[in-house]
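Below is input29.tsv, which holds TSV, N, CA and C atoms.
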```
chain	number	residue	atom	x	y	z
A	20	MET	N	27.82	19.81	-16.34
A	20	MET	CA	26.99	20.59	-17.23
A	20	MET	C	26.73	21.96	-16.63
A	21	ASP	N	26.79	22.95	-17.44
A	21	ASP	CA	26.52	24.32	-17.03
A	21	ASP	C	25.02	24.48	-16.79
A	22	THR	N	24.65	25.06	-15.65
A	22	THR	CA	23.23	25.24	-15.35
A	22	THR	C	22.58	26.26	-16.27
A	23	ALA	N	23.37	27.01	-17.03
A	23	ALA	CA	22.82	27.98	-17.98
A	23	ALA	C	22.71	27.39	-19.39
A	24	HIS	N	23.01	26.12	-19.54
A	24	HIS	CA	22.97	25.47	-20.85
A	24	HIS	C	21.56	25.54	-21.44
A	25	ASP	N	21.48	25.66	-22.75
A	25	ASP	CA	20.18	25.76	-23.43
A	25	ASP	C	19.26	24.58	-23.15
A	26	TYR	N	19.83	23.41	-22.93
A	26	TYR	CA	18.99	22.24	-22.66
A	26	TYR	C	18.20	22.40	-21.36
A	27	ILE	N	18.74	23.12	-20.41
A	27	ILE	CA	18.04	23.31	-19.13
A	27	ILE	C	16.69	23.98	-19.40
A	28	ASN	N	16.67	25.01	-20.22
A	28	ASN	CA	15.41	25.66	-20.57
A	28	ASN	C	14.47	24.70	-21.29
A	29	GLN	N	15.01	23.89	-22.18
A	29	GLN	CA	14.18	22.93	-22.88
A	29	GLN	C	13.56	21.92	-21.90
A	30	TYR	N	14.37	21.43	-20.98
A	30	TYR	CA	13.84	20.49	-19.97
A	30	TYR	C	12.75	21.16	-19.14
A	31	ASN	N	12.98	22.40	-18.74
A	31	ASN	CA	12.04	23.09	-17.87
A	31	ASN	C	10.77	23.54	-18.59
A	32	ASN	N	10.79	23.54	-19.91
A	32	ASN	CA	9.59	23.85	-20.68
A	32	ASN	C	8.72	22.62	-20.88
A	33	ASN	N	9.17	21.51	-20.39
A	33	ASN	CA	8.42	20.26	-20.43
A	33	ASN	C	8.11	19.83	-19.00
A	34	LYS	N	7.44	18.72	-18.86
A	34	LYS	CA	7.08	18.24	-17.54
A	34	LYS	C	7.71	16.87	-17.30
A	35	ALA	N	8.32	16.72	-16.14
A	35	ALA	CA	8.90	15.43	-15.74
A	35	ALA	C	8.35	15.07	-14.37
A	36	ILE	N	7.88	13.84	-14.25
A	36	ILE	CA	7.35	13.36	-12.99
A	36	ILE	C	8.04	12.04	-12.66
A	37	PHE	N	8.60	11.95	-11.47
A	37	PHE	CA	9.24	10.73	-10.99
A	37	PHE	C	8.54	10.32	-9.70
A	38	VAL	N	8.16	9.05	-9.64
A	38	VAL	CA	7.37	8.55	-8.51
A	38	VAL	C	7.97	7.25	-8.01
A	39	VAL	N	8.00	7.10	-6.69
A	39	VAL	CA	8.41	5.83	-6.10
A	39	VAL	C	7.59	5.62	-4.83
A	40	GLY	N	7.22	4.38	-4.58
A	40	GLY	CA	6.55	4.05	-3.32
A	40	GLY	C	7.60	3.87	-2.24
A	41	GLN	N	7.15	3.66	-1.03
A	41	GLN	CA	8.08	3.43	0.07
A	41	GLN	C	7.80	2.10	0.76
A	42	GLY	N	7.03	1.26	0.06
A	42	GLY	CA	6.70	-0.05	0.61
A	42	GLY	C	7.80	-1.07	0.35
A	43	ALA	N	7.39	-2.33	0.37
A	43	ALA	CA	8.32	-3.45	0.18
A	43	ALA	C	9.08	-3.31	-1.14
A	44	TRP	N	10.35	-3.64	-1.11
A	44	TRP	CA	11.25	-3.71	-2.27
A	44	TRP	C	11.60	-2.36	-2.86
A	45	GLU	N	11.36	-1.28	-2.16
A	45	GLU	CA	11.58	0.05	-2.73
A	45	GLU	C	12.85	0.74	-2.25
A	46	ASN	N	13.61	0.15	-1.34
A	46	ASN	CA	14.76	0.86	-0.77
A	46	ASN	C	15.74	1.36	-1.82
A	47	GLU	N	16.11	0.51	-2.75
A	47	GLU	CA	17.07	0.92	-3.78
A	47	GLU	C	16.46	2.02	-4.68
A	48	CYS	N	15.20	1.86	-5.04
A	48	CYS	CA	14.54	2.87	-5.88
A	48	CYS	C	14.44	4.21	-5.16
A	49	LYS	N	14.14	4.19	-3.87
A	49	LYS	CA	14.06	5.44	-3.11
A	49	LYS	C	15.40	6.14	-3.08
A	50	ALA	N	16.46	5.38	-2.84
A	50	ALA	CA	17.79	5.98	-2.79
A	50	ALA	C	18.17	6.56	-4.15
A	51	ASP	N	17.86	5.84	-5.23
A	51	ASP	CA	18.17	6.33	-6.57
A	51	ASP	C	17.39	7.61	-6.88
A	52	LEU	N	16.13	7.65	-6.49
A	52	LEU	CA	15.33	8.84	-6.77
A	52	LEU	C	15.81	10.03	-5.96
A	53	ARG	N	16.26	9.80	-4.74
A	53	ARG	CA	16.83	10.90	-3.96
A	53	ARG	C	18.08	11.47	-4.64
A	54	ARG	N	18.93	10.58	-5.13
A	54	ARG	CA	20.14	11.03	-5.84
A	54	ARG	C	19.77	11.79	-7.12
A	55	LEU	N	18.82	11.24	-7.89
A	55	LEU	CA	18.39	11.91	-9.11
A	55	LEU	C	17.80	13.29	-8.79
A	56	SER	N	17.01	13.37	-7.75
A	56	SER	CA	16.43	14.64	-7.34
A	56	SER	C	17.51	15.66	-7.03
A	57	ASP	N	18.54	15.24	-6.31
A	57	ASP	CA	19.65	16.13	-5.98
A	57	ASP	C	20.36	16.63	-7.24
A	58	VAL	N	20.59	15.74	-8.20
A	58	VAL	CA	21.27	16.12	-9.44
A	58	VAL	C	20.41	17.11	-10.22
A	59	LEU	N	19.13	16.78	-10.39
A	59	LEU	CA	18.24	17.68	-11.13
A	59	LEU	C	18.21	19.06	-10.49
A	60	GLN	N	18.07	19.09	-9.18
A	60	GLN	CA	18.01	20.37	-8.46
A	60	GLN	C	19.31	21.15	-8.64
A	61	SER	N	20.44	20.46	-8.56
A	61	SER	CA	21.72	21.15	-8.70
A	61	SER	C	21.91	21.75	-10.08
A	62	LYS	N	21.25	21.17	-11.06
A	62	LYS	CA	21.35	21.67	-12.43
A	62	LYS	C	20.27	22.70	-12.77
A	63	GLY	N	19.35	22.93	-11.83
A	63	GLY	CA	18.27	23.86	-12.09
A	63	GLY	C	17.16	23.28	-12.94
A	64	ILE	N	17.07	21.97	-12.97
A	64	ILE	CA	16.02	21.29	-13.75
A	64	ILE	C	14.85	21.02	-12.82
A	65	HIS	N	13.68	21.50	-13.25
A	65	HIS	CA	12.47	21.36	-12.45
A	65	HIS	C	11.77	20.04	-12.80
A	66	ALA	N	11.54	19.24	-11.80
A	66	ALA	CA	10.82	17.98	-11.99
A	66	ALA	C	10.00	17.73	-10.74
A	67	SER	N	8.92	17.02	-10.92
A	67	SER	CA	8.09	16.63	-9.79
A	67	SER	C	8.63	15.30	-9.25
A	68	ILE	N	9.07	15.30	-8.02
A	68	ILE	CA	9.62	14.12	-7.36
A	68	ILE	C	8.64	13.72	-6.26
A	69	ASN	N	8.11	12.51	-6.34
A	69	ASN	CA	7.06	12.08	-5.43
A	69	ASN	C	7.40	10.75	-4.76
A	70	PHE	N	7.43	10.78	-3.44
A	70	PHE	CA	7.61	9.57	-2.65
A	70	PHE	C	6.26	9.21	-2.05
A	71	TRP	N	5.69	8.11	-2.53
A	71	TRP	CA	4.39	7.67	-2.03
A	71	TRP	C	4.57	6.96	-0.70
A	72	GLY	N	3.46	6.60	-0.08
A	72	GLY	CA	3.48	6.06	1.27
A	72	GLY	C	4.10	4.69	1.43
A	73	PHE	N	4.19	4.27	2.66
A	73	PHE	CA	4.79	2.98	3.01
A	73	PHE	C	3.88	1.81	2.64
A	74	ASP	N	2.64	2.13	2.24
A	74	ASP	CA	1.70	1.10	1.82
A	74	ASP	C	1.74	0.87	0.30
A	75	ILE	N	2.69	1.51	-0.38
A	75	ILE	CA	2.80	1.39	-1.84
A	75	ILE	C	4.03	0.56	-2.18
A	76	PRO	N	3.83	-0.75	-2.47
A	76	PRO	CA	4.95	-1.62	-2.83
A	76	PRO	C	5.29	-1.51	-4.32
A	77	HIS	N	6.31	-2.21	-4.71
A	77	HIS	CA	6.79	-2.24	-6.09
A	77	HIS	C	6.00	-3.32	-6.84
A	78	ASP	N	4.78	-2.98	-7.28
A	78	ASP	CA	3.95	-3.98	-7.96
A	78	ASP	C	2.96	-3.31	-8.91
A	79	TRP	N	2.31	-4.12	-9.73
A	79	TRP	CA	1.40	-3.62	-10.76
A	79	TRP	C	0.25	-2.78	-10.20
A	80	PRO	N	-0.44	-3.20	-9.13
A	80	PRO	CA	-1.53	-2.36	-8.62
A	80	PRO	C	-1.06	-0.95	-8.21
A	81	SER	N	0.12	-0.86	-7.64
A	81	SER	CA	0.66	0.46	-7.27
A	81	SER	C	0.97	1.28	-8.52
A	82	TRP	N	1.56	0.65	-9.51
A	82	TRP	CA	1.89	1.37	-10.75
A	82	TRP	C	0.63	1.83	-11.45
A	83	GLU	N	-0.43	1.02	-11.39
A	83	GLU	CA	-1.69	1.42	-12.00
A	83	GLU	C	-2.23	2.70	-11.34
A	84	LYS	N	-2.16	2.77	-10.02
A	84	LYS	CA	-2.61	3.97	-9.31
A	84	LYS	C	-1.80	5.19	-9.76
A	85	GLN	N	-0.50	5.00	-9.92
A	85	GLN	CA	0.36	6.11	-10.33
A	85	GLN	C	0.07	6.54	-11.76
A	86	VAL	N	-0.13	5.58	-12.64
A	86	VAL	CA	-0.45	5.90	-14.04
A	86	VAL	C	-1.74	6.68	-14.13
A	87	VAL	N	-2.77	6.23	-13.42
A	87	VAL	CA	-4.06	6.90	-13.45
A	87	VAL	C	-3.93	8.34	-12.96
A	88	LEU	N	-3.11	8.58	-11.97
A	88	LEU	CA	-2.96	9.92	-11.42
A	88	LEU	C	-2.07	10.83	-12.28
A	89	TYR	N	-0.94	10.31	-12.75
A	89	TYR	CA	0.06	11.17	-13.36
A	89	TYR	C	0.01	11.27	-14.88
A	90	VAL	N	-0.46	10.26	-15.58
A	90	VAL	CA	-0.50	10.36	-17.05
A	90	VAL	C	-1.35	11.54	-17.51
A	91	PRO	N	-2.53	11.78	-16.93
A	91	PRO	CA	-3.28	12.96	-17.37
A	91	PRO	C	-2.51	14.28	-17.19
A	92	GLU	N	-1.64	14.35	-16.19
A	92	GLU	CA	-0.83	15.57	-16.01
A	92	GLU	C	0.17	15.76	-17.14
A	93	LEU	N	0.59	14.65	-17.73
A	93	LEU	CA	1.60	14.71	-18.77
A	93	LEU	C	1.00	14.97	-20.16
A	94	LEU	N	-0.29	14.73	-20.29
A	94	LEU	CA	-0.93	14.88	-21.60
A	94	LEU	C	-1.48	16.26	-21.83
```
What is this file in structure tokens?
Amino acid sequence: MDTAHDYINQYNNNKAIFVVGQGAWENECKADLRRLSDVLQSKGIHASINFWGFDIPHDWPSWEKQVVLYVPELL
């Protein structure tokens, strides 16, 4: 994709937030988010990429913390 494509401006006029913890069961998700971050950056697409601490596992309580923090940013 051309980094000057019209969709790039459309993406950048919106907000995207990607979050992953670094606790138990997160290795594959962390690697995927790093790859996604690289692709977005290479295309000039601005997104918030957040790697939470090693105390944040892949579970409902962690997701609830993330929802409480990030959903208001998206609204």
Between A:His24, A:His65, A:Lys84, A:Arg54, which has the minimum distance to Ile36 of chain A (counting all atoms listed in the file)?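 So, comparing all the options, the nearest one is A:His65.
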Pairwise distance for atom CA of Ala23 of chain A and atom CA of Gly63 of chain A, rounded to one decimal in Å: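 Value for the atom CA of Ala23 of chain A-atom CA of Gly63 of chain A distance: 8.5 Å.
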Which residues are close to Leu93 of chain A, i.e. within 8 Å by all atoms listed in the file, leaving aside same-chain residues fewer than 2 positions away? Reply as a PyMOL selection string. chain A and resi 34-36+88-91
Atom pair atom CA of Ile64 of chain A / atom CA of Val38 of chain A: separation (Å):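 For atom CA of Ile64 of chain A relative to atom CA of Val38 of chain A, the distance reads 16.3 Å.
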From the list A:Ile68, A:Ile27, A:Leu94, A:Ile75, which residue is nearest Gly42 of chain A when using only C-alpha atoms?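 Among the listed residues, A:Ile75 lies closest to Gly42 of chain A.
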Mind giving me the straight-line distance from atom CA of Gly40 of chain A to atom CA of Asp74 of chain A in Å, one decimal? 7.7 Å
Going by DSSP on the backbone, which residues of chain A come out as helix (DSSP H, G or I)? List them as a ChimeraX atom specification. /A:25-31,46-62,79-93
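Distances here use all atoms listed in the file; by that measure, the residue among A:Trp82, A:Ala66, A:Cys48, A:Ser61 closest to Tyr30 of chain A is A:Ala66.
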Can you list every residue in chain A that DSSP puts in strand (DSSP E), as a ChimeraX atom specification? /A:36-39,67-70
For Asn33 of chain A, which residue out of A:Gly72, A:Asp57, A:Glu92, A:Asp51 is the nearest one, using only C-alpha atoms?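 Closest residue, counting only C-alpha atoms: A:Glu92.
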